[in-house]
Amino acid sequence: MRLHEFVVRRVLLLIPVMIGVAVFTFAVAQIIPGDPAALQCGDKCGLIVGYDDDGKPITAHQANRERLRLDDPVSLQFERYITDLINGDWGESQKNGRPVIDIIKTSAPVTLEMAFFSLMIAYPLGIFLGIISAVRQDRMFDHVSRFFAIAFVSLPIFWFAMLLQLYFATGPQVGGICDPIFGTEGGCFPIFDRHDQSYTYPLDGYHSLYPESGTGFHLIDSWFVTDAKLAELPSEFDTNRELFMDTLIHLVLPCSALGIASSGSLLRYMRASLLEVLHEDYVRTARAKGLSEFRVVVVHACRNAMVPIVTILGFSIGGAIGGAVLTESVFGIHGMGTVAVLGILQLEYQIVMGVTLLTSVIFLLSNLIVDIAYAIVDPRVRLE
Amino acid sequence: MKAKANALLLCTLMIASALAGCAGEDVERTLTQADCDAIGDGYTLDSGNNACVTTETVTETVTETVTETVIETLVRGCTDSAANNHDSAAELDDGSCDYGRAQADIMADYAADTIDFSQALYELEVSRKCREQGSNNPCEIVEMSIGDASTIDPGDAYDSASGDVIEQVYDTLYRYAGDGSGNAIIEPRLATGYSVSSDGLTYTFTLRDDVHFSNGDKMEASDVVYSWCRVIGYAGPASHVNWILDQSFNCNDADGNHDDNGGLNLTAIDATSFSVTLKAPSSAFISTIAYTVGAVINADLCEANRVVELDANGTVTSDDYCHAWLDEGPFGAGTNAYLVQSWVREDRIVLTPNWMYWESGDYNINRHTMTIVTEASTRLLAYTDGEVDFGSINIEDLINFCYIDENGNGAMDAGEDDALDDKPNVASKAGHICTYRETFTTTLSAFNLNPKVLDAGEDTSNTDANSSLVLNHDCSDDGVSENDCNVMATAALREAISYAFDYDTHRRVTYDNSLAPQYGPIPTGFLYAGTQYEVFTYDLANAEAILENAGFIRQYDCSSLSHGGAPTVVAVADRDGTECRLPNVLRVMANEGNDYRIAMAGQLEEALGTIGVATSGDAKSWPEYLTMYYTRTWDIRFSGWAPDYLDPDNYWSPFAGSHDIGGDAYGTGYHNDVVDTHLLTGRTSQDDATREQAYIDAFAAWVQDPNMIIIGQYNGIGVKHDDICSPDWVAIGSAHWFDYDKLPEVDGALVGTC
């Protein structure tokens with residue numbers, strides 16, 4: 001099968017999967033105990049907020065149920081949900097009436113950007129240390145790196161994130177270690193948020209700062225902000241470079257927390273895989289041919305040892321998005337994870353379903369990429 | 001930022017170096033004499049060729065000279081002779097120079113059309129802008145919040161996060177303020193006064209004539225009338241906050257569109273006065289319009305941005321009453337001190353000055369950022385590190401900044417920051433200001449007089465169904481053994497339960513002294529709080545005696561009890577004193593995640609168990625908890641209440657008023673005619689003495705027939721850096737940033753005092 005046929009087939013497969021996910025998430029939303037109408041008004045749902053045509057009092061709770069059309073039969077609610085979905089209407093937030101699609105459009109790039117850069121840390125670090133560990137098997141470096149690998153996998157990610165904040169984002173009076181070394185003030189990195197606090201967005205938010213054709217990824221878009229828009233910013237952000245650096249600096253700690261935590265398992269995978277490969281006959285043959293150890297390991301062994309690493313790339317992307325929930329919370333970043341948590345806590349079914357749908361699409365696409373990558377890494381693998 | 005960029009680069013290099021070091025081969029190198037010569041004269045190689053050693057003996061004599069430098073304190077002030085406030089005695093400029101014309105002169109010229117809006121705006125900015133300079137950004141405040149606003153449309157905002165922004169952008173005729181003694185008052189804002197007709201129905205307001213919206217439009221009486229009618233017409237679809245105005249007056253007009261500036265009951269008399277006719281006399285009216293829902297918006301701009309959809313017949317199918325436009329607090333919408341410069345949802349809101357703001361005086365804060373940080377540990381770090389000026393800090397972390405000055409010596413001694421129990425006497429550690437804050441947020445436990453059990457398959461949303469009411473008592477006492485009510489409908493049982501609650505322990509221990517006593521519906525510091533006194537205390541013997549006297553004797557087999565089924569009565573001869581008193585098990589509800597409520601529910605259940613009242617209850621998730629609430633499948637429920645407006649009726653009616661008088665917000669089914677009568681008097685009378693007596697009488701009747709345990713009102717400690725100067729704490733409403741100041745920090749010291 002040719003590559004483009006394979007891709008088309010897998011993309012088409014997304015449609016039934018998305019329908020399945022939509023049905024499943026809708027069903028789960030119905031099963032979860034709780035009344036979204038009650039959550040809207042909390043302790044004050046019993047307040048009388050109006051009277052019906054018969055003069056009968058209407059409580060806030062009753063009014064909410066009517067507004068959210070929760071008294072409609074479930075089948076009707078489902079039909080409405082699917083019809084709207086097909087028409088590109090993902091519903092709107094009960095809290096503020098914003099379209100769910102807008103909420104996801106602004107939050108998803110934040111999470112994806114963070115997940116991408118965390119993988120950019122996790123993979124090189126995990127693979128590099130895994131290789132060294134395997135090559136120097138049972139020596140001091142191997143023991144130490146395995147210890148840290150287990151530690152990174154075992155440590156709760158939020159705790160690790162907090163440690164990074166404490167040591168790298170605060171001044172020495174709080175516990176930071178940066179200032180005496182680098183001469184910074186208040187740590188090397190910001191404690192929280194996606195942009196500097198003195199960074200004032202345009203009236204309609206930072207999205208209007210970026211070009212309409214922008215990617216939504218702040219780091220990329222910051223290069224393309226027009227001079228006219230930059231002129232609206234404070235003087236310390238009057239060039240694209242400064243804007244870019246501000247965005248980058250705010251990414252370092254969250255991505256490091258997520259990336260270093262993920263690198264532990266990658267290290268273990270890489271080490272185990274490479275050790276297995278290093279005992280293969282063709283490696284022995286390569287050595288017998290007099291090739292340098294570097295060439296034997298990097299060119300001959302590593303490529304074959306990478307196959308399982310590629311396999312887990314798809315899961316890593318999912319893991320990074322999942323891990324982003326906690327990381328975003330600790331670093332005060334408003335991404336998809338935060339949106340999902342708020343959606344669940346406030347029983348905002350439309351938002352939860354939207355996030356679930358998007359996450360499943362990302363998962364499927366990333367696995368598609370993995371399948372294609374198989375063929376590149378190992379030509380023996382056929383796209384079937 | 002450049003320093004941080006360099007740090008990023010260095011960090012990267014360090015990590016790379018460390019990794020490279022780890023990856024590199026171990027190299028052993030032997031020292032030579034040349035290496036030692038390179039260090040300096042006198043160094044020789046040791047015998048093992050491992051180190052360079054020196055045998056030189058150094059005798060050092062140190063003569064220390066101490067020079068004391070006396071720094072003369074320079075007089076700070078405005079040294080620029082071109083400034084309005086030039087201080088000839090000033091030797092060091094402190095950035096306080098004031099330029100331009102006086103605010104009043106500029107506004108007078110603008111009112112007289114001598115200058116246009118852009119010129120006025122420019123001159124006002126020059127004149128009013130904060131110019132202080134210091135290392136701590138003295139003209140900016142960054143605050144951390146835990147939740148984002150829902151909307152900045154006062155017509156649909158009913159949450160405190162939204163109110164916090166709305167109170168900066170829009171103004172009301174009156175607003176809540178602190179009197180400096182812990183009490184709340186109402187002070188005039190856009191209104192200069194009002195009169196009431198003899199029947200108490202018609203209020204005529206007079207307004208300031210120097211108020212402009214942020215776009216320069218003059219604020220007039222028609223704007224107030226329009227704003228209030230809009231609230232009623234729009235009917236707050238997401239929040240239902242319109243009820244606060246709806247209860248007082250309506251705005252019906254001929255076509256029902258609420259767009260003809262007042263309808264039948266609101267009349268703009270001239271530019272600075274208007275009248276409103278109420279449905280019934282209301283002593284709380286001024287207080288209700290001081291809530292954000294009474295905010296005044298720009299009528300012309302709202303109309304221009306209102307989206308009305310009509311069908312083919314010309315019938316209105318939808319009308320947003322300009323909500324889409326008002327939702328994010330647009331330019332020109334309000335008259336208050338700040339504008340919403342930008343709002344990134346769930347991230348941050350930035351406020352900048354509305355230079356047209358009518359109140360005289362310059363701005364101390366040019367930029368206020370409210371940033372959302374949900375993680376408590378991050379808030380603590382950010383505050384401690386000085387990245388933000390203040391924010392919500394957990395009570396257990398406050399010992400880092402505050403202490404209790406137990407011996408009153410004005411300094412912190414050992415152990416004084418171990419705990420912050422005596423909150424009213426909180427003191428501040430260096431660099432911080434800790435403030436005791438009593439709130440009007442009440443915690444309580446409501447009793448359900450008409451509890452239900454759901455039948456199999458019953459629609460849980462059907463709160464009106466009577467089919468599953470638990471009727472297990474003869475309340476009519478007509479001698480017929482028919483059960484016509486629930487045991488919870490009897491005042492004696494509810495009174496007994498009120499004596500089974502350990503108030504003092506919960507206030508001190510469970511709430512770690514964060515709960516102040518509250519003896520009735522009205523919180524301390526609120527109007528007419530003095531009409532209440534302590535009645536209920538933890539007295540199990542009394543509780544048991546009340547039950548015994550009311551005929552609730554130990555007679556039921558406890559193992560036979562359920563929430564609604566028929567119990568087994570133990571034969572008199574077989575009773576051993578362990579029987580239960582009630583024919584059913586009382587369901588005590590608390591919600592997961594609220595450890596205070598869970599602990600209180602546990603204590604109450606245990607106490608009731610000892611006097612023969614069977615209970616059941618486990619913490620429910622918040623959604624489950626609320627669902628049980630509205631299906632009335634509970635008997636005792638821990639809950640809370642935050643004030644809407646500064647009037648006792650905002651507590652008394654929802655708590656103890658019956659459904660008939662628009663009360664009973666907890667759906668308890670409580671109805672006490674005597675209490676209702678007094679509450680109606682308190683609600684409608686314009687006479688202070690009459691109102692006070694009404695609440696005294698209502699309290700006296702209510703304690704005989706309580707429908708809830710009033711546990712206490714929250715208090716706490718707020719902390720901020722010591723460069724922040726703020727007005728008196730206001731327990732209702734929001735802080736107003738125009739009244740804040742931030743002292744500049746120069747050379748590591750604060751200049752000036754609060």
# chains A, B, ... in the order shown; residues from 1 in each chain; ligands from 1
>>> select_by_dssp(residues="range 3-179 of chain A", states="helix (DSSP H, G or I)", output="PyMOL selection string")
chain A and resi 3-31+36-44+60-67+74-86+100-135+140-154+157-168+178-179
>>> residues_around(residues="Leu679 in chain B", least_positions_apart="4", cutoff="7 Å", atoms="only C-alpha atoms", output="list in words")
Ser653, Val675, Arg683, Ala694, Tyr695 and Ala698 of chain B
>>> closest_atom_pairs(of="chain A", to="chain B", cutoff="8 Å", atoms="only C-alpha atoms", output="Markdown table")
| residue | atom | partner | partner_atom | distance |
| --- | --- | --- | --- | --- |
| A:Pro33 | CA | B:Glu624 | CA | 5.8 |
| A:Gly34 | CA | B:Pro623 | CA | 3.9 |
| A:Asp35 | CA | B:Pro623 | CA | 5.9 |
| A:Pro36 | CA | B:Pro623 | CA | 7.5 |
| A:Ala38 | CA | B:Leu626 | CA | 6.0 |
| A:Leu39 | CA | B:Pro623 | CA | 6.7 |
| A:Gln40 | CA | B:Ser239 | CA | 7.8 |
| A:Cys41 | CA | B:Ser239 | CA | 7.4 |
| A:Gly42 | CA | B:Leu626 | CA | 7.3 |
| A:Asp43 | CA | B:Gly640 | CA | 6.6 |
| A:Lys44 | CA | B:Ala665 | CA | 6.6 |
| A:Cys45 | CA | B:Ala665 | CA | 7.1 |
| A:Gly46 | CA | B:Ala665 | CA | 4.0 |
| A:Leu47 | CA | B:Ala665 | CA | 4.9 |
| A:Ile48 | CA | B:Gly662 | CA | 6.4 |
| A:Val49 | CA | B:Trp243 | CA | 4.9 |
| A:Gly50 | CA | B:Trp243 | CA | 7.0 |
| A:Ala60 | CA | B:His240 | CA | 6.6 |
| A:Asn64 | CA | B:Ala238 | CA | 7.4 |
| A:Arg67 | CA | B:Pro237 | CA | 7.5 |
| A:Gln94 | CA | B:Ala238 | CA | 7.4 |
| A:Lys95 | CA | B:Ser150 | CA | 6.1 |
| A:Asn96 | CA | B:Ser150 | CA | 5.1 |
| A:Ile132 | CA | B:Ala23 | CA | 6.6 |
| A:Phe141 | CA | B:Cys22 | CA | 7.1 |
| A:Met162 | CA | B:Thr378 | CA | 7.7 |
| A:Leu166 | CA | B:Leu381 | CA | 7.3 |
| A:Thr170 | CA | B:Asp385 | CA | 5.7 |
| A:Gly171 | CA | B:Asp385 | CA | 6.3 |
| A:Gln173 | CA | B:Asp385 | CA | 7.8 |
| A:Val174 | CA | B:Asp385 | CA | 6.4 |
| A:Phe182 | CA | B:Ala7 | CA | 5.9 |
| A:Gly183 | CA | B:Ala3 | CA | 7.5 |
| A:Thr184 | CA | B:Ala3 | CA | 5.8 |
| A:Gly186 | CA | B:Asp385 | CA | 6.5 |
| A:Cys188 | CA | B:Lys4 | CA | 5.3 |
| A:Phe189 | CA | B:Lys4 | CA | 6.4 |
| A:Ile191 | CA | B:Ala382 | CA | 6.3 |
| A:Phe192 | CA | B:Thr378 | CA | 7.3 |
| A:Asp193 | CA | B:Asp347 | CA | 7.9 |
| A:Gln197 | CA | B:Thr369 | CA | 7.5 |
| A:Thr200 | CA | B:Val350 | CA | 7.2 |
| A:Tyr201 | CA | B:Ser342 | CA | 5.9 |
| A:Pro202 | CA | B:Ser342 | CA | 6.0 |
| A:Leu203 | CA | B:Ser342 | CA | 4.3 |
| A:Asp204 | CA | B:Ser342 | CA | 5.8 |
| A:Gly205 | CA | B:Val344 | CA | 5.1 |
| A:Tyr206 | CA | B:Val344 | CA | 7.1 |
| A:Met245 | CA | B:Ala5 | CA | 6.8 |
| A:Asp246 | CA | B:Met1 | CA | 7.3 |
| A:Ile249 | CA | B:Ala5 | CA | 7.1 |
| A:Ser329 | CA | B:Glu375 | CA | 6.0 |
| A:Val330 | CA | B:Glu375 | CA | 5.5 |
| A:Phe331 | CA | B:Thr378 | CA | 7.0 |
| A:Gly332 | CA | B:Val373 | CA | 5.0 |
| A:Ile333 | CA | B:Asp347 | CA | 7.3 |
| A:His334 | CA | B:Asp347 | CA | 6.1 |
>>> residues_around(residues="Phe158 in chain A", least_positions_apart="2", cutoff="7 Å", atoms="only C-alpha atoms", output="MDAnalysis selection string")
chainID A and resid 156 160:162 326:327 330
>>> closest_residue(among="B:Val231, B:Asp87, B:Asp93, B:Ser658", to="Gly134 in chain B", atoms="only C-alpha atoms")
B:Asp93
>>> closest_residue(among="B:Asn366, B:Arg101, B:Gln133, B:Val453", to="Val746 in chain B", atoms="only C-alpha atoms")
B:Gln133
>>> atom_distance(atom1="CA of Gly334 in chain B", atom2="CA of Tyr110 in chain B")
18.1 Å
>>> select_by_dssp(residues="range 43-242 of chain A", states="strand (DSSP E or B)", output="list in words")
Ile48, Val49, Gly50, Tyr51, Pro57, Ile58, Thr59, Glu92 and Pro99 of chain A
>>> residues_around(residues="range 522-532 of chain B", least_positions_apart="6", cutoff="9 Å", atoms="only C-alpha atoms", output="PyMOL selection string")
chain B and resi 181-185+438-442+516+646-652+691-693+695-697+699-700+712-713+731
>>> write_last_selection(atoms="N, CA, C and O atoms", output="mmCIF file, in the first residue's frame")
data_model
loop_
_atom_site.group_PDB
_atom_site.id
_atom_site.type_symbol
_atom_site.label_atom_id
_atom_site.label_comp_id
_atom_site.auth_asym_id
_atom_site.auth_seq_id
_atom_site.Cartn_x
_atom_site.Cartn_y
_atom_site.Cartn_z
ATOM 1 N N SER B 181 -14.609 50.621 61.635
ATOM 2 C CA SER B 181 -14.785 49.924 62.915
ATOM 3 C C SER B 181 -15.342 48.520 62.704
ATOM 4 O O SER B 181 -15.912 47.928 63.617
ATOM 5 N N GLY B 182 -15.234 48.032 61.521
ATOM 6 C CA GLY B 182 -15.726 46.680 61.244
ATOM 7 C C GLY B 182 -17.165 46.647 60.790
ATOM 8 O O GLY B 182 -17.711 45.583 60.504
ATOM 9 N N ASN B 183 -17.797 47.807 60.743
ATOM 10 C CA ASN B 183 -19.190 47.854 60.304
ATOM 11 C C ASN B 183 -19.287 48.318 58.852
ATOM 12 O O ASN B 183 -18.394 48.999 58.348
ATOM 13 N N ALA B 184 -20.371 47.936 58.217
ATOM 14 C CA ALA B 184 -20.579 48.341 56.827
ATOM 15 C C ALA B 184 -21.573 49.486 56.758
ATOM 16 O O ALA B 184 -22.528 49.543 57.531
ATOM 17 N N ILE B 185 -21.321 50.393 55.842
ATOM 18 C CA ILE B 185 -22.221 51.521 55.635
ATOM 19 C C ILE B 185 -22.497 51.667 54.136
ATOM 20 O O ILE B 185 -21.858 51.007 53.321
ATOM 21 N N GLU B 438 -13.314 40.420 59.023
ATOM 22 C CA GLU B 438 -14.550 39.722 59.350
ATOM 23 C C GLU B 438 -15.449 39.806 58.122
ATOM 24 O O GLU B 438 -15.602 40.885 57.538
ATOM 25 N N THR B 439 -15.991 38.694 57.719
ATOM 26 C CA THR B 439 -16.846 38.722 56.529
ATOM 27 C C THR B 439 -18.307 38.518 56.933
ATOM 28 O O THR B 439 -18.606 38.217 58.087
ATOM 29 N N PHE B 440 -19.157 38.688 55.981
ATOM 30 C CA PHE B 440 -20.586 38.457 56.222
ATOM 31 C C PHE B 440 -21.025 37.106 55.650
ATOM 32 O O PHE B 440 -22.207 36.872 55.442
ATOM 33 N N THR B 441 -20.065 36.253 55.375
ATOM 34 C CA THR B 441 -20.392 34.932 54.836
ATOM 35 C C THR B 441 -20.697 33.980 55.986
ATOM 36 O O THR B 441 -19.867 33.768 56.863
ATOM 37 N N THR B 442 -21.874 33.467 55.953
ATOM 38 C CA THR B 442 -22.385 32.679 57.063
ATOM 39 C C THR B 442 -22.317 31.187 56.753
ATOM 40 O O THR B 442 -22.528 30.775 55.620
ATOM 41 N N ALA B 516 -16.367 33.416 63.438
ATOM 42 C CA ALA B 516 -16.793 34.233 64.568
ATOM 43 C C ALA B 516 -18.229 33.853 64.935
ATOM 44 O O ALA B 516 -18.998 33.425 64.073
ATOM 45 N N LEU B 646 -26.662 44.958 51.490
ATOM 46 C CA LEU B 646 -26.507 45.281 52.904
ATOM 47 C C LEU B 646 -27.855 45.569 53.568
ATOM 48 O O LEU B 646 -28.186 46.708 53.844
ATOM 49 N N ASP B 647 -28.609 44.511 53.787
ATOM 50 C CA ASP B 647 -29.865 44.675 54.499
ATOM 51 C C ASP B 647 -30.207 43.343 55.159
ATOM 52 O O ASP B 647 -30.017 42.284 54.561
ATOM 53 N N PRO B 648 -30.714 43.399 56.390
ATOM 54 C CA PRO B 648 -31.024 42.162 57.110
ATOM 55 C C PRO B 648 -32.004 41.264 56.349
ATOM 56 O O PRO B 648 -31.981 40.040 56.499
ATOM 57 N N ASP B 649 -32.828 41.879 55.530
ATOM 58 C CA ASP B 649 -33.808 41.073 54.799
ATOM 59 C C ASP B 649 -33.127 40.107 53.838
ATOM 60 O O ASP B 649 -33.701 39.092 53.466
ATOM 61 N N ASN B 650 -31.898 40.415 53.439
ATOM 62 C CA ASN B 650 -31.155 39.531 52.560
ATOM 63 C C ASN B 650 -30.693 38.263 53.285
ATOM 64 O O ASN B 650 -30.207 37.328 52.660
ATOM 65 N N TYR B 651 -30.817 38.273 54.617
ATOM 66 C CA TYR B 651 -30.529 37.068 55.393
ATOM 67 C C TYR B 651 -31.810 36.460 55.952
ATOM 68 O O TYR B 651 -32.071 35.286 55.830
ATOM 69 N N TRP B 652 -32.605 37.318 56.590
ATOM 70 C CA TRP B 652 -33.778 36.805 57.283
ATOM 71 C C TRP B 652 -34.753 36.102 56.326
ATOM 72 O O TRP B 652 -35.191 34.976 56.592
ATOM 73 N N ARG B 691 -38.246 48.852 62.526
ATOM 74 C CA ARG B 691 -37.501 47.746 61.932
ATOM 75 C C ARG B 691 -36.750 46.965 63.016
ATOM 76 O O ARG B 691 -36.762 45.743 63.032
ATOM 77 N N GLU B 692 -36.122 47.689 63.879
ATOM 78 C CA GLU B 692 -35.351 47.029 64.930
ATOM 79 C C GLU B 692 -36.249 46.128 65.767
ATOM 80 O O GLU B 692 -35.919 44.978 66.043
ATOM 81 N N GLN B 693 -37.429 46.655 66.119
ATOM 82 C CA GLN B 693 -38.359 45.865 66.918
ATOM 83 C C GLN B 693 -38.848 44.638 66.137
ATOM 84 O O GLN B 693 -39.021 43.549 66.695
ATOM 85 N N TYR B 695 -37.207 42.934 63.939
ATOM 86 C CA TYR B 695 -36.198 41.876 63.941
ATOM 87 C C TYR B 695 -36.002 41.273 65.327
ATOM 88 O O TYR B 695 -35.686 40.097 65.456
ATOM 89 N N ILE B 696 -36.226 42.083 66.355
ATOM 90 C CA ILE B 696 -36.196 41.525 67.722
ATOM 91 C C ILE B 696 -37.309 40.491 67.870
ATOM 92 O O ILE B 696 -37.107 39.379 68.361
ATOM 93 N N ASP B 697 -38.484 40.850 67.402
ATOM 94 C CA ASP B 697 -39.640 39.954 67.522
ATOM 95 C C ASP B 697 -39.476 38.709 66.641
ATOM 96 O O ASP B 697 -39.861 37.599 67.047
ATOM 97 N N PHE B 699 -36.725 37.329 65.809
ATOM 98 C CA PHE B 699 -35.734 36.458 66.429
ATOM 99 C C PHE B 699 -36.346 35.683 67.595
ATOM 100 O O PHE B 699 -36.115 34.475 67.751
ATOM 101 N N ALA B 700 -37.142 36.395 68.379
ATOM 102 C CA ALA B 700 -37.773 35.745 69.538
ATOM 103 C C ALA B 700 -38.681 34.602 69.085
ATOM 104 O O ALA B 700 -38.741 33.538 69.726
ATOM 105 N N GLY B 712 -21.878 30.362 62.371
ATOM 106 C CA GLY B 712 -20.962 31.484 62.543
ATOM 107 C C GLY B 712 -20.685 32.174 61.230
ATOM 108 O O GLY B 712 -21.194 31.785 60.184
ATOM 109 N N GLN B 713 -19.865 33.199 61.312
ATOM 110 C CA GLN B 713 -19.505 33.925 60.103
ATOM 111 C C GLN B 713 -17.990 33.889 59.942
ATOM 112 O O GLN B 713 -17.245 33.988 60.923
ATOM 113 N N ALA B 731 -16.464 44.504 54.254
ATOM 114 C CA ALA B 731 -16.869 43.103 54.289
ATOM 115 C C ALA B 731 -17.921 42.771 53.246
ATOM 116 O O ALA B 731 -18.284 41.613 53.063
#
>>> residues_around(residues="range 14-16 of chain A", least_positions_apart="2", cutoff="12 Å", atoms="only C-alpha atoms", output="ChimeraX atom specification")
/A:7-12,18-23,86,357-358,360-365,367-368
>>> residues_around(residues="Tyr740 in chain B", least_positions_apart="3", cutoff="8 Å", atoms="only C-alpha atoms", output="PyMOL selection string")
chain B and resi 364-365+724-727+736-737
>>> write_last_selection(atoms="C-alpha atoms", output="PDB file, in the first residue's frame")
ATOM      1  CA  ASN B 364      -1.993  56.259  42.516  1.00  0.00           C
ATOM      2  CA  ILE B 365      -2.348  53.105  40.443  1.00  0.00           C
ATOM      3  CA  ILE B 724       0.453  48.739  49.653  1.00  0.00           C
ATOM      4  CA  CYS B 725      -1.828  51.269  51.316  1.00  0.00           C
ATOM      5  CA  SER B 726      -5.491  50.370  51.294  1.00  0.00           C
ATOM      6  CA  PRO B 727      -8.678  51.877  52.699  1.00  0.00           C
ATOM      7  CA  HIS B 736     -11.729  49.978  44.885  1.00  0.00           C
ATOM      8  CA  TRP B 737      -8.308  50.426  43.367  1.00  0.00           C
TER       9      TRP B 737
END
>>> residues_around(residues="range 284-296 of chain A", least_positions_apart="5", cutoff="12 Å", atoms="only C-alpha atoms", output="VMD selection string")
chain A and resid 131 to 132 135 274 277 to 279 301 to 304
>>> write_last_selection(atoms="C-alpha atoms", output="PDB file, in the first residue's frame")
ATOM      1  CA  ILE A 131      22.506   5.291  25.145  1.00  0.00           C
ATOM      2  CA  ILE A 132      25.201   6.289  27.602  1.00  0.00           C
ATOM      3  CA  VAL A 135      27.143   1.674  26.641  1.00  0.00           C
ATOM      4  CA  LEU A 274      20.055  -0.820  23.021  1.00  0.00           C
ATOM      5  CA  VAL A 277      20.682  -4.755  20.088  1.00  0.00           C
ATOM      6  CA  LEU A 278      24.285  -4.498  21.217  1.00  0.00           C
ATOM      7  CA  HIS A 279      24.318  -8.259  21.695  1.00  0.00           C
ATOM      8  CA  ALA A 301      22.804  -0.220  16.949  1.00  0.00           C
ATOM      9  CA  CYS A 302      20.857   2.904  17.761  1.00  0.00           C
ATOM     10  CA  ARG A 303      18.702   2.919  14.659  1.00  0.00           C
ATOM     11  CA  ASN A 304      17.404  -0.545  15.421  1.00  0.00           C
TER      12      ASN A 304
END
